[in-house]
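What's in run30.txt: compact mmCIF, C-alpha atoms and all ligand atoms
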# COMPACT_ATOMS: atom_id res chain seq x y z
CA MET P 1 -55.77 74.55 94.80
CA LYS P 2 -58.08 76.33 92.35
CA THR P 3 -57.77 76.17 88.57
CA VAL P 4 -57.45 79.03 86.10
CA LEU P 5 -58.86 78.35 82.65
CA ILE P 6 -57.03 80.22 79.89
CA LEU P 7 -59.08 79.95 76.75
CA ASN P 8 -57.67 81.11 73.41
CA GLY P 9 -59.75 81.48 70.29
CA PRO P 10 -59.31 81.28 66.54
CA ASN P 11 -55.90 81.58 64.90
CA LEU P 12 -54.03 82.03 68.16
CA ASN P 13 -52.35 78.68 67.40
CA LEU P 14 -50.50 80.70 64.72
CA LEU P 15 -48.81 83.02 67.22
CA GLY P 16 -45.14 83.51 66.42
CA THR P 17 -45.51 82.43 62.80
CA ARG P 18 -46.84 85.68 61.27
CA GLU P 19 -47.46 89.34 62.15
CA PRO P 20 -44.69 89.58 64.80
CA ALA P 21 -45.00 93.39 64.77
CA VAL P 22 -48.53 93.04 66.14
CA TYR P 23 -48.41 89.88 68.26
CA GLY P 24 -44.69 89.38 68.98
CA ALA P 25 -42.42 86.50 68.04
CA GLN P 26 -43.40 84.07 70.76
CA THR P 27 -45.52 81.02 70.11
CA LEU P 28 -48.63 79.80 71.92
CA ALA P 29 -46.42 77.14 73.54
CA ASP P 30 -44.28 79.98 74.93
CA VAL P 31 -47.43 81.64 76.27
CA GLU P 32 -48.46 78.38 77.92
CA ALA P 33 -45.01 78.02 79.54
CA LEU P 34 -45.24 81.59 80.87
CA CYS P 35 -48.75 80.96 82.24
CA SER P 36 -47.65 77.70 83.84
CA ALA P 37 -44.78 79.42 85.70
CA VAL P 38 -47.02 82.27 86.87
CA CYS P 39 -49.80 79.90 88.01
CA ASN P 40 -47.22 77.86 89.99
CA ALA P 41 -46.02 81.04 91.68
CA HIS P 42 -49.61 81.87 92.69
CA ASN P 43 -50.47 78.34 93.77
CA LEU P 44 -53.02 77.95 90.99
CA LYS P 45 -53.55 75.05 88.61
CA LEU P 46 -53.46 75.87 84.89
CA ASP P 47 -55.93 74.63 82.29
CA PHE P 48 -54.66 76.11 79.00
CA ARG P 49 -56.72 75.63 75.83
CA GLN P 50 -57.02 76.92 72.26
CA SER P 51 -59.79 76.31 69.77
CA ASN P 52 -60.63 77.56 66.30
CA HIS P 53 -64.27 76.57 66.85
CA GLU P 54 -66.91 78.79 68.43
CA GLY P 55 -68.99 75.88 69.75
CA VAL P 56 -65.99 74.28 71.43
CA MET P 57 -65.29 77.61 73.17
CA ILE P 58 -68.93 77.87 74.28
CA ASP P 59 -68.80 74.34 75.71
CA ALA P 60 -65.62 75.32 77.60
CA ILE P 61 -67.39 78.40 79.05
CA HIS P 62 -70.34 76.25 80.21
CA GLU P 63 -67.89 73.78 81.80
CA ALA P 64 -66.07 76.66 83.50
CA GLY P 65 -69.33 78.06 84.88
CA ARG P 66 -70.08 74.69 86.50
CA ALA P 67 -66.53 74.44 87.89
CA GLN P 68 -66.66 77.93 89.38
CA ALA P 69 -70.05 77.17 90.95
CA ALA P 70 -68.51 73.99 92.43
CA GLY P 71 -65.66 76.06 93.89
CA THR P 72 -62.85 74.45 91.88
CA LEU P 73 -62.22 77.29 89.41
CA ALA P 74 -60.75 80.72 90.24
CA GLY P 75 -61.83 82.17 86.90
CA VAL P 76 -61.28 82.42 83.18
CA ILE P 77 -58.87 84.44 81.08
CA LEU P 78 -60.42 84.65 77.63
CA ASN P 79 -58.67 85.76 74.48
CA ALA P 80 -61.57 85.10 72.13
CA GLY P 81 -59.58 86.30 69.10
CA ALA P 82 -61.80 87.55 66.28
CA TYR P 83 -64.90 86.01 67.93
CA THR P 84 -64.58 88.92 70.38
CA HIS P 85 -65.91 91.19 67.63
CA THR P 86 -68.55 88.86 66.17
CA SER P 87 -69.92 86.37 68.66
CA VAL P 88 -73.28 87.04 70.29
CA ALA P 89 -73.21 83.32 71.13
CA LEU P 90 -70.09 83.73 73.30
CA HIS P 91 -71.67 86.79 74.96
CA ASP P 92 -74.78 84.73 75.76
CA ALA P 93 -72.71 81.81 77.04
CA ILE P 94 -70.78 84.02 79.50
CA LYS P 95 -73.80 86.07 80.60
CA GLY P 96 -75.44 84.66 83.68
CA THR P 97 -72.74 82.09 84.44
CA GLY P 98 -71.42 84.29 87.27
CA LEU P 99 -67.95 83.59 85.92
CA THR P 100 -65.03 85.73 86.99
CA LEU P 101 -63.82 86.30 83.45
CA ILE P 102 -61.03 88.58 82.26
CA GLU P 103 -61.12 89.52 78.58
CA LEU P 104 -57.59 89.71 77.25
CA HIS P 105 -56.01 90.85 74.00
CA ILE P 106 -52.32 90.72 73.18
CA SER P 107 -52.57 93.80 70.98
CA ASN P 108 -54.22 97.13 71.79
CA VAL P 109 -57.37 96.50 69.78
CA HIS P 110 -58.42 100.16 70.21
CA ALA P 111 -55.35 101.35 68.33
CA ARG P 112 -56.19 99.07 65.39
CA GLU P 113 -58.96 98.78 62.79
CA VAL P 114 -62.40 100.12 63.79
CA PHE P 115 -63.91 96.62 63.48
CA ARG P 116 -61.73 95.54 66.44
CA HIS P 117 -63.04 98.33 68.69
CA HIS P 118 -66.32 96.63 69.53
CA SER P 119 -66.37 93.60 71.82
CA TYR P 120 -69.32 91.33 72.56
CA VAL P 121 -67.30 89.96 75.49
CA SER P 122 -66.58 93.22 77.36
CA PRO P 123 -70.13 93.80 78.72
CA VAL P 124 -70.09 90.34 80.36
CA ALA P 125 -66.44 90.39 81.52
CA LYS P 126 -65.25 91.31 85.00
CA ALA P 127 -62.27 93.20 83.51
CA VAL P 128 -60.64 93.89 80.16
CA MET P 129 -56.92 93.95 79.31
CA ALA P 130 -55.36 94.83 75.97
CA GLY P 131 -52.01 95.84 74.59
CA PHE P 132 -49.60 94.31 77.10
CA GLY P 133 -48.31 91.73 74.62
CA ILE P 134 -48.13 88.17 75.92
CA LYS P 135 -47.15 89.50 79.37
CA GLY P 136 -50.82 90.42 79.67
CA TYR P 137 -51.50 86.74 80.41
CA ALA P 138 -49.14 86.91 83.41
CA TYR P 139 -50.76 90.12 84.66
CA ALA P 140 -54.25 88.63 84.25
CA ILE P 141 -53.29 85.52 86.27
CA ALA P 142 -51.93 87.78 89.03
CA ALA P 143 -55.20 89.75 88.97
CA LEU P 144 -57.28 86.56 89.22
CA ALA P 145 -55.09 85.32 92.09
CA ASP P 146 -55.70 88.63 93.88
CA MET P 147 -59.46 88.46 93.26
CA THR P 148 -59.47 84.93 94.72
CA ASN P 149 -57.26 85.78 97.73
CA PRO P 150 -57.07 89.58 98.11
CA VAL P 151 -53.87 90.85 99.77
O1 LIG P 201 -54.80 91.04 70.21
C1 LIG P 201 -55.38 89.96 70.38
O2 LIG P 201 -55.04 89.15 71.25
C2 LIG P 201 -56.54 89.56 69.45
O3 LIG P 201 -57.53 88.93 70.26
C3 LIG P 201 -55.97 88.60 68.44
C4 LIG P 201 -56.95 88.20 67.34
C5 LIG P 201 -57.62 89.41 66.73
O4 LIG P 201 -58.63 89.00 65.83
C6 LIG P 201 -58.24 90.31 67.78
O5 LIG P 201 -58.79 91.44 67.15
C7 LIG P 201 -57.18 90.76 68.78
C8 LIG P 201 -56.23 87.45 66.21
C9 LIG P 201 -55.45 86.28 66.65
C10 LIG P 201 -54.69 85.76 65.46
O6 LIG P 201 -53.37 85.71 65.81
C11 LIG P 201 -52.44 85.50 64.85
C12 LIG P 201 -51.14 85.48 65.27
C13 LIG P 201 -50.15 85.28 64.36
C14 LIG P 201 -50.44 85.08 63.03
C15 LIG P 201 -51.75 85.08 62.61
C16 LIG P 201 -52.75 85.27 63.54
Show the structure stored in the file as structure tokens.
Ligand code: CA2
Amino acid sequence: MKTVLILNGPNLNLLGTREPAVYGAQTLADVEALCSAVCNAHNLKLDFRQSNHEGVMIDAIHEAGRAQAAGTLAGVILNAGAYTHTSVALHDAIKGTGLTLIELHISNVHAREVFRHHSYVSPVAKAVMAGFGIKGYAYAIAALADMTNPV
């Protein structure tokens, strides 16, 4: 059984506590429960993480690259939060790993402030999803499952 790493960046631990009009009312624990159910349905193991620290996220990407090379990881779903728009370091970490990585945003970043329109992650991602709310995580897991075992 392969693992899916779901990596959440800065401030996503605050989900459900503020800005419900943008991010919904559900908490990160609710997101994890949803992802767990969807991974079970697709026969995938879930590794669900959140960090407010860029270096911790970079270490997780390096670890994921090794796991995918070893054949134990199906891929990564990355909601890099605001680091999406700022982090050349995350871009560099993903580039060249060969990771199957889906960039995900809960909100439609393109319908928001201009500073959210640019992503350092998109050029090194396999696919990009935005604006599906937290259900986007479920859709991204289904997409990774299909990439791993195409129907
Ligand atoms: O839409 C997304 O998923 C984002 O990645 C969320 C980031 C934002 O910087 C990106 O532009 C888009 C922010 C996550 C912070 O989430 C909060 C949730 C509730 C209360 C405060 C922050």
Got a sec to check which residues lie within 6 Å of ligand LIG 201 (chain P), using all atoms listed in the file, and send them as a PDB file with C-alpha atoms, in the frame of the given file?
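Saved result, result.pdb, follows:
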ATOM      1  CA  ASN P  11     -55.900  81.580  64.900  1.00  0.00           C
ATOM      2  CA  LEU P  12     -54.030  82.030  68.160  1.00  0.00           C
ATOM      3  CA  LEU P  14     -50.500  80.700  64.720  1.00  0.00           C
ATOM      4  CA  LEU P  15     -48.810  83.020  67.220  1.00  0.00           C
ATOM      5  CA  GLY P  16     -45.140  83.510  66.420  1.00  0.00           C
ATOM      6  CA  THR P  17     -45.510  82.430  62.800  1.00  0.00           C
ATOM      7  CA  ARG P  18     -46.840  85.680  61.270  1.00  0.00           C
ATOM      8  CA  GLU P  19     -47.460  89.340  62.150  1.00  0.00           C
ATOM      9  CA  TYR P  23     -48.410  89.880  68.260  1.00  0.00           C
ATOM     10  CA  ASN P  79     -58.670  85.760  74.480  1.00  0.00           C
ATOM     11  CA  ALA P  80     -61.570  85.100  72.130  1.00  0.00           C
ATOM     12  CA  GLY P  81     -59.580  86.300  69.100  1.00  0.00           C
ATOM     13  CA  ALA P  82     -61.800  87.550  66.280  1.00  0.00           C
ATOM     14  CA  HIS P 105     -56.010  90.850  74.000  1.00  0.00           C
ATOM     15  CA  ILE P 106     -52.320  90.720  73.180  1.00  0.00           C
ATOM     16  CA  SER P 107     -52.570  93.800  70.980  1.00  0.00           C
ATOM     17  CA  VAL P 109     -57.370  96.500  69.780  1.00  0.00           C
ATOM     18  CA  ARG P 116     -61.730  95.540  66.440  1.00  0.00           C
TER      19      ARG P 116
END
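Considering the residues P:Met129, P:Leu144, P:Pro150, P:Ile58 and counting all atoms listed in the file, Cys39 in chain P has its shortest atom-to-atom contact with P:Leu144.
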What's around Ala41 in chain P at 12 Å? Count all atoms listed in the file, leave out sequence neighbours fewer than 4 positions away in its own chain, and write the answer as a PyMOL selection string. chain P and resi 34-37+45-46+138+141-142+145
I need the residue nearest Ala64 in chain P from this list: P:Lys135, P:Ala29, P:His110, P:Leu7. Use all atoms listed in the file for the distance.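 Selected residue with least distance to Ala64 in chain P: P:Leu7.
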For Glu103 in chain P, find every residue with an atom within 7 Å (counting only C-alpha atoms), except residues of its own chain fewer than 3 positions away, and show them as a PDB file with C-alpha atoms, keeping the file's coordinate frame.
ATOM      1  CA  ILE P  77     -58.870  84.440  81.080  1.00  0.00           C
ATOM      2  CA  LEU P  78     -60.420  84.650  77.630  1.00  0.00           C
ATOM      3  CA  ASN P  79     -58.670  85.760  74.480  1.00  0.00           C
ATOM      4  CA  VAL P 121     -67.300  89.960  75.490  1.00  0.00           C
ATOM      5  CA  SER P 122     -66.580  93.220  77.360  1.00  0.00           C
ATOM      6  CA  ALA P 125     -66.440  90.390  81.520  1.00  0.00           C
ATOM      7  CA  ALA P 127     -62.270  93.200  83.510  1.00  0.00           C
ATOM      8  CA  VAL P 128     -60.640  93.890  80.160  1.00  0.00           C
ATOM      9  CA  MET P 129     -56.920  93.950  79.310  1.00  0.00           C
TER      10      MET P 129
END
Once 8 Å is added on each side, what centre and edge lengths in Å to one decimal does the axis-aligned box around all listed atoms of range 41-58 of chain P have, as lines of an AutoDock Vina configuration file?
center_x = -57.5
center_y = 78.1
center_z = 80.0
size_x = 39.0
size_y = 23.6
size_z = 43.5
Pick the closest to Ser87 in chain P from P:Gly9, P:Ala21, P:Glu113, P:Ile102: which is it, counting all atoms listed in the file?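 When distances to Ser87 in chain P are compared using all atoms listed in the file, the smallest one comes from P:Gly9.
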